[in-house]
Amino acid sequence: MVEKVVLFPCGRKNTLMLERAYFATGCFWGAERRFWNLPGVKSTSVGYMGGARPNPNYEQVCTGVTGHAETVLVEFDPGEIGYPALLGEFWTMHDPTTLNSQGNDIGSQYRSAIFVTTPEQEELALATKQIYQREITAAGYGDIVTEIVSAGGQTFWPAEEYHQKYLAKNPNGYDCHSSTGVAFPKENHVC
């Protein structure tokens, strides 16, 4: 029998501060839209994170030489949506078992990564990874290759303006996400 794991509750009510989360799931256009549609998410932006070159641009990142991943910055109210709910969305919106690719998008800039900002975020990211691994293993998928690394010491470089809210500007634009089709188990969502 598999033990049911319940993650931490949503957190502080009446908070005056937003929290930040950073997710890389392949092309950032579709990921940003999925996050901005979640209740409690107050803002999103897309950019580049996890690489070595300062102030990279899209063309440089696409070559793979900068080492950056296309990343979504999510600012959220933890009184309205918890980090576990963001993680549940992260795991299901892409295929975390493919290394440096999502569907037809291939290259290290399309890798799966979570850049954690606190020890609590790291603990939750690792816990949800284990939960989701059980689910996708049962569905016939391999090991999750998602990087879970500290955002500390890494810069989030905002992408060019034409990338920001791209699918709001181009509703029929390329969404570019590949998914396992396996949902994160609802009993592990607390909000």
# chains A, B, ... in the order shown; residues from 1 in each chain; ligands from 1
call {"tool": "residues_around", "arguments": {"residues": "Arg111 of chain A", "least_positions_apart": "3", "cutoff": "10 Å", "atoms": "only C-alpha atoms", "output": "ChimeraX atom specification"}}
result
/A:24-27,68-71,95-102,105-108,145-147
call {"tool": "write_last_selection", "arguments": {"atoms": "C-alpha atoms", "output": "JSON list (two decimals), in the first residue's frame"}}
result
[["chain", "number", "residue", "atom", "x", "y", "z"],
["A", 24, "ALA", "CA", 11.85, 25.78, -16.39],
["A", 25, "THR", "CA", 9.63, 23.43, -18.41],
["A", 26, "GLY", "CA", 10.87, 23.82, -21.97],
["A", 27, "CYS", "CA", 9.63, 26.75, -24.05],
["A", 68, "HIS", "CA", 20.66, 29.09, -19.47],
["A", 69, "ALA", "CA", 17.23, 27.49, -19.35],
["A", 70, "GLU", "CA", 14.08, 29.24, -20.51],
["A", 71, "THR", "CA", 12.48, 30.03, -17.15],
["A", 95, "ASP", "CA", 7.47, 15.80, -19.46],
["A", 96, "PRO", "CA", 10.10, 15.87, -16.69],
["A", 97, "THR", "CA", 11.62, 12.59, -17.90],
["A", 98, "THR", "CA", 13.13, 13.99, -21.10],
["A", 99, "LEU", "CA", 16.63, 15.39, -20.89],
["A", 100, "ASN", "CA", 17.16, 18.76, -22.60],
["A", 101, "SER", "CA", 14.01, 18.57, -24.68],
["A", 102, "GLN", "CA", 10.25, 18.96, -24.72],
["A", 105, "ASP", "CA", 12.11, 21.63, -28.84],
["A", 106, "ILE", "CA", 15.61, 20.25, -28.30],
["A", 107, "GLY", "CA", 18.56, 21.78, -26.47],
["A", 108, "SER", "CA", 19.75, 22.47, -22.92],
["A", 145, "VAL", "CA", 15.59, 14.30, -14.82],
["A", 146, "THR", "CA", 14.44, 17.68, -13.44],
["A", 147, "GLU", "CA", 17.21, 19.73, -11.85]]
call {"tool": "select_by_dssp", "arguments": {"residues": "chain A", "states": "alpha helix (DSSP H)", "output": "ChimeraX atom specification"}}
result
/A:28-36,58-63,83-93,119-138,166-169
call {"tool": "atom_distance", "arguments": {"atom1": "atom CA of Thr180 of chain A", "atom2": "atom CA of Gln109 of chain A"}}
result
19.7 Å
call {"tool": "closest_residue", "arguments": {"among": "A:Val65, A:Val149, A:Val74, A:Ile131", "to": "Leu86 of chain A", "atoms": "only C-alpha atoms"}}
result
A:Val74
call {"tool": "closest_residue", "arguments": {"among": "A:Pro39, A:Phe23, A:Arg134, A:Ala125", "to": "Pro78 of chain A", "atoms": "only C-alpha atoms"}}
result
A:Pro39
call {"tool": "closest_residue", "arguments": {"among": "A:Gln154, A:Asn37, A:Asn172, A:Thr137", "to": "Arg53 of chain A", "atoms": "only C-alpha atoms"}}
result
A:Gln154
call {"tool": "decode", "arguments": {"residues": "segment 33-187 of chain A", "atoms": "C-alpha atoms", "output": "mmCIF file, in the first residue's frame"}}
result
data_model
loop_
_atom_site.group_PDB
_atom_site.id
_atom_site.type_symbol
_atom_site.label_atom_id
_atom_site.label_comp_id
_atom_site.auth_asym_id
_atom_site.auth_seq_id
_atom_site.Cartn_x
_atom_site.Cartn_y
_atom_site.Cartn_z
ATOM 1 C CA ARG A 33 0.262 31.141 -19.611
ATOM 2 C CA ARG A 34 -0.451 28.099 -17.450
ATOM 3 C CA PHE A 35 0.956 29.852 -14.392
ATOM 4 C CA TRP A 36 -0.675 33.246 -15.002
ATOM 5 C CA ASN A 37 -4.078 31.519 -15.178
ATOM 6 C CA LEU A 38 -3.784 30.098 -11.646
ATOM 7 C CA PRO A 39 -5.730 31.934 -8.915
ATOM 8 C CA GLY A 40 -3.283 33.505 -6.468
ATOM 9 C CA VAL A 41 -0.567 34.065 -9.065
ATOM 10 C CA LYS A 42 -0.102 37.825 -9.152
ATOM 11 C CA SER A 43 2.463 38.183 -11.933
ATOM 12 C CA THR A 44 4.642 36.174 -14.263
ATOM 13 C CA SER A 45 7.566 36.961 -16.506
ATOM 14 C CA VAL A 46 9.846 34.913 -18.699
ATOM 15 C CA GLY A 47 13.607 34.920 -18.821
ATOM 16 C CA TYR A 48 16.802 32.956 -18.659
ATOM 17 C CA MET A 49 18.333 31.310 -15.604
ATOM 18 C CA GLY A 50 20.950 28.744 -14.688
ATOM 19 C CA GLY A 51 23.674 29.776 -17.098
ATOM 20 C CA ALA A 52 27.037 31.479 -16.987
ATOM 21 C CA ARG A 53 26.932 34.372 -19.465
ATOM 22 C CA PRO A 54 25.701 37.697 -18.048
ATOM 23 C CA ASN A 55 22.772 39.430 -19.746
ATOM 24 C CA PRO A 56 22.097 36.736 -22.370
ATOM 25 C CA ASN A 57 19.726 37.315 -25.246
ATOM 26 C CA TYR A 58 17.401 34.839 -26.930
ATOM 27 C CA GLU A 59 19.707 34.116 -29.854
ATOM 28 C CA GLN A 60 22.622 33.334 -27.522
ATOM 29 C CA VAL A 61 20.498 31.116 -25.264
ATOM 30 C CA CYS A 62 19.197 29.186 -28.291
ATOM 31 C CA THR A 63 22.744 28.201 -29.253
ATOM 32 C CA GLY A 64 23.206 26.467 -25.899
ATOM 33 C CA VAL A 65 26.532 28.200 -25.227
ATOM 34 C CA THR A 66 25.217 30.314 -22.341
ATOM 35 C CA GLY A 67 23.937 27.344 -20.329
ATOM 36 C CA HIS A 68 20.659 29.093 -19.469
ATOM 37 C CA ALA A 69 17.227 27.486 -19.347
ATOM 38 C CA GLU A 70 14.076 29.243 -20.508
ATOM 39 C CA THR A 71 12.475 30.030 -17.153
ATOM 40 C CA VAL A 72 9.226 31.465 -15.795
ATOM 41 C CA LEU A 73 9.290 33.715 -12.732
ATOM 42 C CA VAL A 74 6.039 33.322 -10.789
ATOM 43 C CA GLU A 75 5.088 35.829 -8.088
ATOM 44 C CA PHE A 76 2.297 34.443 -5.935
ATOM 45 C CA ASP A 77 0.335 35.178 -2.782
ATOM 46 C CA PRO A 78 0.924 32.214 -0.444
ATOM 47 C CA GLY A 79 -2.344 33.057 1.311
ATOM 48 C CA GLU A 80 -4.196 32.274 -1.931
ATOM 49 C CA ILE A 81 -2.100 29.556 -3.560
ATOM 50 C CA GLY A 82 0.556 27.395 -2.009
ATOM 51 C CA TYR A 83 3.886 26.422 -3.477
ATOM 52 C CA PRO A 84 2.712 22.763 -3.557
ATOM 53 C CA ALA A 85 -0.076 23.738 -5.988
ATOM 54 C CA LEU A 86 2.475 25.478 -8.231
ATOM 55 C CA LEU A 87 4.616 22.349 -8.119
ATOM 56 C CA GLY A 88 1.637 20.164 -9.035
ATOM 57 C CA GLU A 89 1.077 22.357 -12.096
ATOM 58 C CA PHE A 90 4.810 22.277 -12.923
ATOM 59 C CA TRP A 91 5.027 18.478 -12.910
ATOM 60 C CA THR A 92 1.944 17.977 -15.101
ATOM 61 C CA MET A 93 2.524 20.732 -17.690
ATOM 62 C CA HIS A 94 5.593 19.096 -19.216
ATOM 63 C CA ASP A 95 7.466 15.800 -19.459
ATOM 64 C CA PRO A 96 10.097 15.866 -16.691
ATOM 65 C CA THR A 97 11.618 12.589 -17.904
ATOM 66 C CA THR A 98 13.129 13.991 -21.101
ATOM 67 C CA LEU A 99 16.633 15.390 -20.889
ATOM 68 C CA ASN A 100 17.161 18.760 -22.604
ATOM 69 C CA SER A 101 14.006 18.571 -24.680
ATOM 70 C CA GLN A 102 10.253 18.964 -24.716
ATOM 71 C CA GLY A 103 8.525 17.581 -27.785
ATOM 72 C CA ASN A 104 10.173 19.048 -30.879
ATOM 73 C CA ASP A 105 12.112 21.628 -28.837
ATOM 74 C CA ILE A 106 15.607 20.249 -28.302
ATOM 75 C CA GLY A 107 18.557 21.784 -26.466
ATOM 76 C CA SER A 108 19.747 22.474 -22.922
ATOM 77 C CA GLN A 109 17.683 25.695 -22.857
ATOM 78 C CA TYR A 110 14.589 23.439 -22.816
ATOM 79 C CA ARG A 111 15.629 21.400 -19.790
ATOM 80 C CA SER A 112 13.376 20.807 -16.807
ATOM 81 C CA ALA A 113 14.451 22.693 -13.691
ATOM 82 C CA ILE A 114 13.187 24.176 -10.449
ATOM 83 C CA PHE A 115 15.215 27.026 -8.971
ATOM 84 C CA VAL A 116 14.290 27.082 -5.277
ATOM 85 C CA THR A 117 14.442 30.220 -3.166
ATOM 86 C CA THR A 118 14.151 28.737 0.346
ATOM 87 C CA PRO A 119 14.871 25.458 2.179
ATOM 88 C CA GLU A 120 11.089 24.953 2.381
ATOM 89 C CA GLN A 121 10.745 25.233 -1.396
ATOM 90 C CA GLU A 122 13.551 22.701 -1.805
ATOM 91 C CA GLU A 123 11.900 20.270 0.615
ATOM 92 C CA LEU A 124 8.570 20.553 -1.202
ATOM 93 C CA ALA A 125 10.166 20.241 -4.646
ATOM 94 C CA LEU A 126 11.941 17.040 -3.593
ATOM 95 C CA ALA A 127 8.807 15.622 -1.928
ATOM 96 C CA THR A 128 6.596 16.302 -4.946
ATOM 97 C CA LYS A 129 9.234 14.863 -7.254
ATOM 98 C CA GLN A 130 9.026 11.558 -5.357
ATOM 99 C CA ILE A 131 5.230 11.599 -5.471
ATOM 100 C CA TYR A 132 5.159 12.329 -9.198
ATOM 101 C CA GLN A 133 7.865 9.751 -9.910
ATOM 102 C CA ARG A 134 5.606 7.058 -8.439
ATOM 103 C CA GLU A 135 2.722 8.216 -10.636
ATOM 104 C CA ILE A 136 4.635 8.338 -13.903
ATOM 105 C CA THR A 137 6.520 5.116 -13.200
ATOM 106 C CA ALA A 138 3.151 3.395 -12.860
ATOM 107 C CA ALA A 139 2.240 4.885 -16.258
ATOM 108 C CA GLY A 140 5.393 3.470 -17.875
ATOM 109 C CA TYR A 141 7.669 6.527 -17.866
ATOM 110 C CA GLY A 142 11.325 6.593 -16.839
ATOM 111 C CA ASP A 143 13.149 8.597 -14.216
ATOM 112 C CA ILE A 144 12.542 12.301 -13.680
ATOM 113 C CA VAL A 145 15.587 14.305 -14.816
ATOM 114 C CA THR A 146 14.444 17.677 -13.442
ATOM 115 C CA GLU A 147 17.210 19.733 -11.847
ATOM 116 C CA ILE A 148 16.301 21.069 -8.405
ATOM 117 C CA VAL A 149 18.850 23.751 -7.582
ATOM 118 C CA SER A 150 19.133 26.852 -5.458
ATOM 119 C CA ALA A 151 18.213 30.174 -7.043
ATOM 120 C CA GLY A 152 20.781 31.758 -4.723
ATOM 121 C CA GLY A 153 23.704 33.209 -6.613
ATOM 122 C CA GLN A 154 21.873 32.845 -9.924
ATOM 123 C CA THR A 155 20.418 35.746 -11.839
ATOM 124 C CA PHE A 156 17.058 35.680 -13.554
ATOM 125 C CA TRP A 157 17.650 37.615 -16.767
ATOM 126 C CA PRO A 158 14.339 38.900 -18.184
ATOM 127 C CA ALA A 159 13.726 37.858 -21.779
ATOM 128 C CA GLU A 160 13.078 40.373 -24.515
ATOM 129 C CA GLU A 161 9.749 42.229 -24.375
ATOM 130 C CA TYR A 162 8.252 40.328 -27.314
ATOM 131 C CA HIS A 163 8.519 37.098 -25.271
ATOM 132 C CA GLN A 164 6.679 38.527 -22.241
ATOM 133 C CA LYS A 165 3.049 37.313 -22.166
ATOM 134 C CA TYR A 166 3.635 36.040 -25.703
ATOM 135 C CA LEU A 167 0.473 33.934 -25.816
ATOM 136 C CA ALA A 168 -1.654 36.844 -24.585
ATOM 137 C CA LYS A 169 -0.359 38.852 -27.548
ATOM 138 C CA ASN A 170 -0.611 35.834 -29.899
ATOM 139 C CA PRO A 171 -3.470 33.645 -28.572
ATOM 140 C CA ASN A 172 -3.052 31.096 -31.342
ATOM 141 C CA GLY A 173 0.729 31.054 -31.041
ATOM 142 C CA TYR A 174 2.950 28.031 -30.547
ATOM 143 C CA ASP A 175 2.351 26.561 -27.096
ATOM 144 C CA CYS A 176 5.118 23.993 -27.533
ATOM 145 C CA HIS A 177 4.558 21.773 -24.524
ATOM 146 C CA SER A 178 4.923 18.041 -24.301
ATOM 147 C CA SER A 179 3.262 16.308 -21.369
ATOM 148 C CA THR A 180 3.096 12.838 -19.923
ATOM 149 C CA GLY A 181 -0.668 13.203 -19.555
ATOM 150 C CA VAL A 182 -0.308 12.013 -15.956
ATOM 151 C CA ALA A 183 -1.885 14.373 -13.421
ATOM 152 C CA PHE A 184 -0.294 15.144 -10.087
ATOM 153 C CA PRO A 185 -2.439 13.326 -7.486
ATOM 154 C CA LYS A 186 -5.130 15.665 -6.156
ATOM 155 C CA GLU A 187 -4.964 14.319 -2.607
#
